[in-house]
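For reference, target24.txt (compact mmCIF, C-alpha atoms):
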# COMPACT_ATOMS: atom_id res chain seq x y z
CA ALA A 24 74.23 -50.83 38.85
CA ALA A 25 73.90 -47.76 36.69
CA ALA A 26 73.97 -49.93 33.56
CA ALA A 27 71.28 -52.20 35.00
CA ALA A 28 69.15 -49.22 35.86
CA ALA A 29 69.56 -47.81 32.37
CA ALA A 30 68.64 -51.15 30.82
CA ALA A 31 65.56 -51.40 33.01
CA ALA A 32 64.54 -47.87 32.06
CA ALA A 33 65.02 -48.68 28.37
CA ALA A 34 62.94 -51.85 28.70
CA ALA A 35 60.21 -49.93 30.46
CA ALA A 36 60.26 -47.30 27.72
CA VAL A 37 59.97 -49.95 25.00
CA ALA A 38 57.11 -51.63 26.85
CA ALA A 39 55.34 -48.30 27.25
CA ALA A 40 55.82 -47.55 23.53
CA LYS A 41 54.42 -50.94 22.57
CA MET A 42 51.46 -50.39 24.87
CA SER A 43 50.83 -46.97 23.37
CA MET A 44 51.05 -48.34 19.82
CA GLY A 45 48.65 -51.13 20.77
CA MET A 46 46.19 -48.65 22.20
CA VAL A 47 46.44 -46.42 19.11
CA SER A 48 46.03 -49.43 16.82
CA GLY A 49 43.02 -50.56 18.80
CA LEU A 50 41.47 -47.11 18.68
CA VAL A 51 42.06 -46.78 14.92
CA GLY A 52 40.67 -50.27 14.27
CA GLY A 53 37.63 -49.54 16.39
CA ALA A 54 37.04 -46.26 14.59
CA VAL A 55 37.28 -47.92 11.16
CA LYS A 56 34.91 -50.72 12.19
CA SER A 57 32.51 -48.19 13.65
CA HIS A 58 32.59 -46.14 10.45
CA ILE A 59 31.97 -49.18 8.25
CA SER A 60 29.15 -50.39 10.49
CA GLY A 61 27.61 -46.94 10.48
CA THR A 62 27.84 -46.71 6.68
CA ILE A 63 26.21 -50.12 6.21
CA ALA A 64 23.49 -49.28 8.71
CA GLY A 65 22.85 -45.99 6.95
CA MET A 66 22.53 -47.72 3.57
CA ARG A 67 20.15 -50.29 5.01
CA GLN A 68 18.09 -47.56 6.64
CA GLN A 69 18.01 -45.58 3.39
CA ARG A 70 16.80 -48.66 1.53
CA ALA A 71 14.19 -49.39 4.22
CA ASP A 72 12.97 -45.78 4.12
CA GLN A 73 12.71 -45.94 0.34
CA GLN A 74 10.78 -49.21 0.48
CA SER A 75 8.41 -47.90 3.14
CA ALA A 76 7.80 -44.72 1.16
CA VAL A 77 6.35 -46.74 -1.74
CA ASP A 78 3.01 -48.47 -1.43
CA TRP A 79 3.85 -51.71 -3.22
CA GLU A 80 0.31 -52.94 -2.61
CA ASP A 81 -1.13 -50.13 -4.73
CA TYR A 82 -1.80 -52.45 -7.66
CA ASN A 83 -2.19 -50.29 -10.75
CA TYR A 84 -0.44 -52.17 -13.55
CA PRO A 85 -1.11 -53.23 -16.20
CA PRO A 86 -4.12 -50.96 -16.77
CA TRP A 87 -7.50 -52.60 -16.10
CA ILE A 88 -5.82 -55.79 -14.85
CA ASN A 89 -3.98 -54.25 -11.88
CA VAL A 90 -1.86 -57.11 -10.55
CA LEU A 91 1.37 -55.17 -9.91
CA HIS A 92 2.45 -51.75 -8.69
CA TYR A 93 4.30 -49.52 -11.16
CA HIS A 94 5.13 -45.83 -10.91
CA LEU A 95 8.25 -44.45 -12.56
CA GLY A 96 8.58 -41.79 -9.87
CA ASP A 97 9.33 -44.51 -7.31
CA VAL A 98 12.84 -44.74 -8.78
CA GLU A 99 14.77 -41.82 -7.30
CA ASP A 100 18.09 -42.14 -9.12
CA PRO A 101 17.89 -40.45 -12.59
CA ALA A 102 20.06 -43.06 -14.32
CA ALA A 103 18.06 -45.94 -12.82
CA ARG A 104 14.81 -44.17 -13.71
CA SER A 105 15.93 -43.91 -17.34
CA ALA A 106 16.84 -47.61 -17.31
CA VAL A 107 13.38 -48.54 -16.01
CA GLN A 108 11.76 -46.36 -18.67
CA TRP A 109 13.72 -48.07 -21.44
CA SER A 110 12.83 -51.47 -20.01
CA HIS A 111 9.15 -50.58 -19.92
CA VAL A 112 9.18 -49.27 -23.47
CA ASN A 113 10.91 -52.43 -24.66
CA TYR A 114 8.33 -54.61 -22.92
CA ILE A 115 5.45 -52.70 -24.55
CA MET A 116 7.13 -52.80 -27.96
CA CYS A 117 7.68 -56.55 -27.80
CA CYS A 118 4.08 -57.18 -26.71
CA ALA A 119 2.91 -55.08 -29.67
CA THR A 120 5.17 -57.02 -32.06
CA PHE A 121 3.87 -60.36 -30.77
CA ALA A 122 0.30 -59.08 -31.22
CA LEU A 123 1.04 -57.96 -34.77
CA ASN A 124 2.56 -61.38 -35.44
CA VAL A 125 -0.80 -62.88 -34.49
CA LEU A 126 -2.58 -60.52 -36.89
CA GLY A 127 -0.15 -61.29 -39.70
CA CYS A 128 -0.57 -65.04 -39.30
CA THR A 129 -4.35 -64.58 -39.16
CA ALA A 130 -4.35 -62.63 -42.42
CA LEU A 131 -2.13 -65.19 -44.15
CA ALA A 132 -4.29 -68.05 -42.86
CA ALA A 133 -7.41 -66.30 -44.15
CA GLY A 134 -5.69 -65.93 -47.53
CA GLY A 135 -5.10 -69.66 -47.75
CA VAL A 136 -1.35 -69.80 -47.11
CA GLN A 137 -0.44 -73.33 -46.03
CA TRP A 138 0.09 -73.99 -42.30
CA LYS A 139 -0.66 -70.42 -41.29
CA GLY A 140 -3.76 -71.48 -39.35
CA LEU A 141 -1.55 -73.61 -37.09
CA HIS A 142 1.06 -70.86 -36.95
CA MET A 143 -1.62 -68.45 -35.77
CA VAL A 144 -2.20 -70.69 -32.75
CA TYR A 145 1.55 -70.71 -32.05
CA ALA A 146 1.56 -66.92 -32.28
CA ILE A 147 -1.27 -66.60 -29.76
CA PHE A 148 0.53 -68.83 -27.26
CA ASN A 149 3.77 -66.89 -27.75
CA LEU A 150 1.96 -63.61 -27.08
CA ILE A 151 0.44 -64.93 -23.86
CA ILE A 152 3.73 -66.42 -22.62
CA TYR A 153 5.75 -63.28 -23.30
CA ALA A 154 3.10 -60.97 -21.86
CA ILE A 155 3.39 -62.84 -18.55
CA VAL A 156 7.10 -63.69 -18.41
CA GLY A 157 8.12 -60.36 -19.92
CA MET A 158 6.07 -58.51 -17.30
CA TYR A 159 7.74 -60.54 -14.56
CA SER A 160 11.14 -59.64 -15.97
CA PHE A 161 10.33 -55.94 -16.30
CA TYR A 162 8.90 -55.81 -12.78
CA ASN A 163 12.06 -57.37 -11.36
CA GLY A 164 14.15 -54.73 -13.09
CA TYR A 165 11.89 -51.90 -11.94
CA LYS A 166 11.58 -52.94 -8.30
CA GLY A 167 15.18 -54.10 -8.15
CA LEU A 168 16.42 -50.65 -9.16
CA ALA A 169 13.84 -48.83 -7.03
CA THR A 170 14.85 -50.71 -3.86
CA GLN A 171 18.46 -51.58 -4.77
CA ASN A 172 17.59 -55.27 -4.57
CA GLY A 173 20.44 -57.14 -6.25
CA ARG A 174 18.57 -60.43 -6.62
CA MET A 175 15.65 -58.86 -8.49
CA THR A 176 17.90 -56.80 -10.75
CA THR A 177 19.93 -59.91 -11.57
CA ASN A 178 16.70 -61.76 -12.43
CA TYR A 179 15.90 -59.05 -14.97
CA ILE A 180 19.39 -59.15 -16.47
CA GLY A 181 19.22 -62.92 -16.94
CA LEU A 182 15.75 -62.95 -18.49
CA GLN A 183 16.40 -59.90 -20.67
CA SER A 184 19.55 -61.53 -22.02
CA LEU A 185 17.48 -64.55 -23.08
CA PHE A 186 14.84 -62.28 -24.63
CA LEU A 187 17.52 -60.52 -26.65
CA VAL A 188 18.66 -63.83 -28.11
CA PHE A 189 15.05 -64.57 -29.03
CA MET A 190 14.47 -61.11 -30.58
CA PHE A 191 17.58 -61.46 -32.72
CA ALA A 192 16.51 -64.94 -33.86
CA ALA A 193 12.97 -63.73 -34.61
CA SER A 194 14.34 -60.85 -36.70
CA ILE A 195 16.06 -63.26 -39.10
CA ALA A 196 13.93 -66.42 -38.80
CA SER A 197 12.00 -67.99 -41.64
CA GLY A 198 9.83 -70.67 -40.16
CA ALA A 199 6.73 -71.38 -38.07
CA ASN A 200 4.95 -68.12 -37.27
CA TYR A 201 7.99 -65.82 -37.62
CA ASN A 202 8.73 -63.64 -40.62
CA GLY A 203 12.31 -62.43 -40.33
CA TRP A 204 14.69 -61.14 -42.96
CA ALA A 205 15.41 -64.67 -44.23
CA ASN A 206 11.71 -65.10 -45.03
CA ILE A 207 11.64 -62.56 -47.87
CA GLY A 208 12.54 -65.11 -50.55
CA LYS A 209 9.99 -67.63 -49.25
CA ALA A 210 7.26 -64.98 -49.18
CA SER A 211 8.05 -63.75 -52.70
CA ASP A 212 7.83 -67.31 -54.06
CA SER A 213 4.46 -68.00 -52.42
CA GLU A 214 1.57 -68.72 -54.76
CA LYS A 215 -0.87 -67.01 -52.42
CA MET A 216 -0.72 -63.48 -51.00
CA SER A 217 2.88 -63.07 -52.13
CA GLY A 218 2.78 -59.25 -52.22
CA PHE A 219 1.20 -58.96 -48.78
CA TRP A 220 3.52 -61.56 -47.29
CA VAL A 221 6.65 -59.80 -48.57
CA ALA A 222 5.46 -56.44 -47.24
CA TRP A 223 4.53 -58.04 -43.93
CA THR A 224 7.94 -59.74 -43.69
CA TYR A 225 9.71 -56.39 -44.11
CA THR A 226 7.45 -54.91 -41.43
CA GLU A 227 7.80 -57.70 -38.89
CA ALA A 228 11.54 -58.15 -39.41
CA SER A 229 12.05 -54.41 -38.94
CA LEU A 230 10.01 -54.44 -35.74
CA TRP A 231 12.01 -57.31 -34.24
CA THR A 232 15.24 -55.55 -35.19
CA VAL A 233 14.15 -52.34 -33.45
CA ASP A 234 12.96 -54.38 -30.44
CA PHE A 235 16.40 -55.96 -30.22
CA ALA A 236 18.17 -52.59 -30.36
CA VAL A 237 15.94 -51.02 -27.70
CA GLY A 238 16.17 -54.15 -25.54
CA ALA A 239 19.96 -54.09 -25.71
CA GLY A 240 19.91 -50.44 -24.68
CA ALA A 241 17.62 -51.23 -21.76
CA LEU A 242 19.87 -54.05 -20.59
CA TYR A 243 22.94 -51.83 -20.80
CA LYS A 244 21.26 -49.08 -18.82
CA VAL A 245 20.12 -51.46 -16.08
CA VAL A 246 23.59 -53.02 -15.74
CA THR A 247 25.36 -49.66 -15.57
CA SER A 248 22.88 -47.91 -13.26
CA ARG A 249 22.34 -50.56 -10.57
CA LYS A 250 23.63 -49.59 -7.12
CA ASP A 251 23.14 -52.84 -5.22
CA ALA A 252 25.96 -55.02 -3.91
CA TYR A 253 26.42 -56.67 -7.31
CA GLY A 254 26.48 -53.44 -9.27
CA SER A 255 29.49 -51.67 -10.74
CA ARG A 256 28.57 -48.43 -8.97
CA GLY A 257 28.71 -49.97 -5.47
CA GLY A 258 26.08 -49.55 -2.80
CA GLY A 259 24.22 -51.63 -0.28
CA ALA A 260 22.93 -55.15 -0.76

Mind converting the file's structure to structure tokens?
Amino acid sequence: AAAAAAAAAAAAAVAAAKMSMGMVSGLVGGAVKSHISGTIAGMRQQRADQQSAVDWEDYNYPPWINVLHYHLGDVEDPAARSAVQWSHVNYIMCCATFALNVLGCTALAAGGVQWKGLHMVYAIFNLIIYAIVGMYSFYNGYKGLATQNGRMTTNYIGLQSLFLVFMFAASIASGANYNGWANIGKASDSEKMSGFWVAWTYTEASLWTVDFAVGAGALYKVVTSRKDAYGSRGGGA
């Protein structure tokens, strides 16, 4: 009888211990879930507050056209703000290089260089296309970093990567309306405007090379400063 009583007491003790462990486990699990939920809610609220603090309908960019909102101060994180600034500078530089490409082709066409009249038309279309698509890309990077929107930041990264391939190709190309490093020999052998064409090739090739370097820096800064769910620095979606 005493042994049976002892066994029953032991069984009751084990059952009580298991119940206590289950309660502790449940409490710990609930606390962890509550903490995670609270953290996610806080991140979402922070993002919502940041979005509401910016008047995205204050269309002020580009100047005189005013179809988008852009203000560098909207980006609170210093690293992200620097990334947006680099991206903006790269966009402006590339637009300027495309515009100078139009001027160069116009000058060569006026000087009688073969096919440069047609190449001038190509250059104009390229300027218009990049001005629009490049602005879309830059805006995605800017707003994506400002609001921690992973989809928009990823759009910028994809488009900027394609632009970098183009900038590198343009810096060495010798054909159509582009005057890269490989065009120096062709320009020096030209019967018309050879001196101008060589000088212009050095200028344009140098500009595309600098554009590529700045664009690569901008891409690196955006990738390393993003804080959305896809970023290396963590953060909310």

With all atoms listed in the file as the atoms that count, which of A:Ile88, A:Met116, A:Leu168, A:Ala222 lies nearest to Ser248 (chain A)?
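Checking each of A:Ile88, A:Met116, A:Leu168, A:Ala222 against Ser248 (chain A), counting all atoms listed in the file, the winner is A:Leu168.
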
Give as a ChimeraX atom specification the set of residues within 7 Å of the point (14.3, -49.2, -10.8), where distances use the file's coordinates and only C-alpha atoms.
/A:98,103-104,107,164-169

Hey, which of A:Thr224, A:Asn200, A:Asn163, A:Thr120 ends up closest to Tyr93 (chain A)? Count all atoms listed in the file.
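Result for the nearest residue to Tyr93 (chain A): A:Asn163.
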
For Ala236 (chain A), list every protein, DNA or RNA residue within 12 Å, evaluated using only C-alpha atoms, and leave out those in the same chain fewer than 4 positions away; present the list as a PyMOL selection string.
chain A and resi 109-110+112-113+116-117+186-188+190-191+194+229-232+240-243

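Counting from CA of Phe219 (chain A), the distance to CA of Ala122 (chain A) is 17.6 Å.
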
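Of the residues listed (A:Ala133, A:Arg174, A:Trp87, A:Ser184), A:Ser184 shows the shortest atom-to-atom separation from Phe235 (chain A); distances use all atoms listed in the file.
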
Go ahead and compute the interatomic distance for CA of Ala146 (chain A) and CA of Cys118 (chain A), in Å to one decimal.
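Distance between the two atoms: 11.5 Å.
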
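You will find CA of Trp220 (chain A) at 21.8 Å from CA of Phe189 (chain A).
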
Among the residues A:Thr170, A:Thr247, A:Ser211, A:Gly203, the one that comes closest to Glu99 (chain A) [using all atoms listed in the file]
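Distance minimum relative to Glu99 (chain A) lands on A:Thr170.
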
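Take the candidates A:Val77, A:Leu126, A:Gln171, A:Leu150 and check each one against Asp100 (chain A) using all atoms listed in the file; the shortest distance goes to A:Gln171.
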
Residues within 9 Å of region 147-149 of chain A, please, as number ranges by chain. Count only C-alpha atoms; anything in the same chain fewer than 6 positions from it doesn't count.
A: 121-122, 124-125

For Val136 (chain A), which residue among A:Ser213, A:Val237, A:Val246, A:Ala228 is the nearest when counting only C-alpha atoms?
A:Ser213
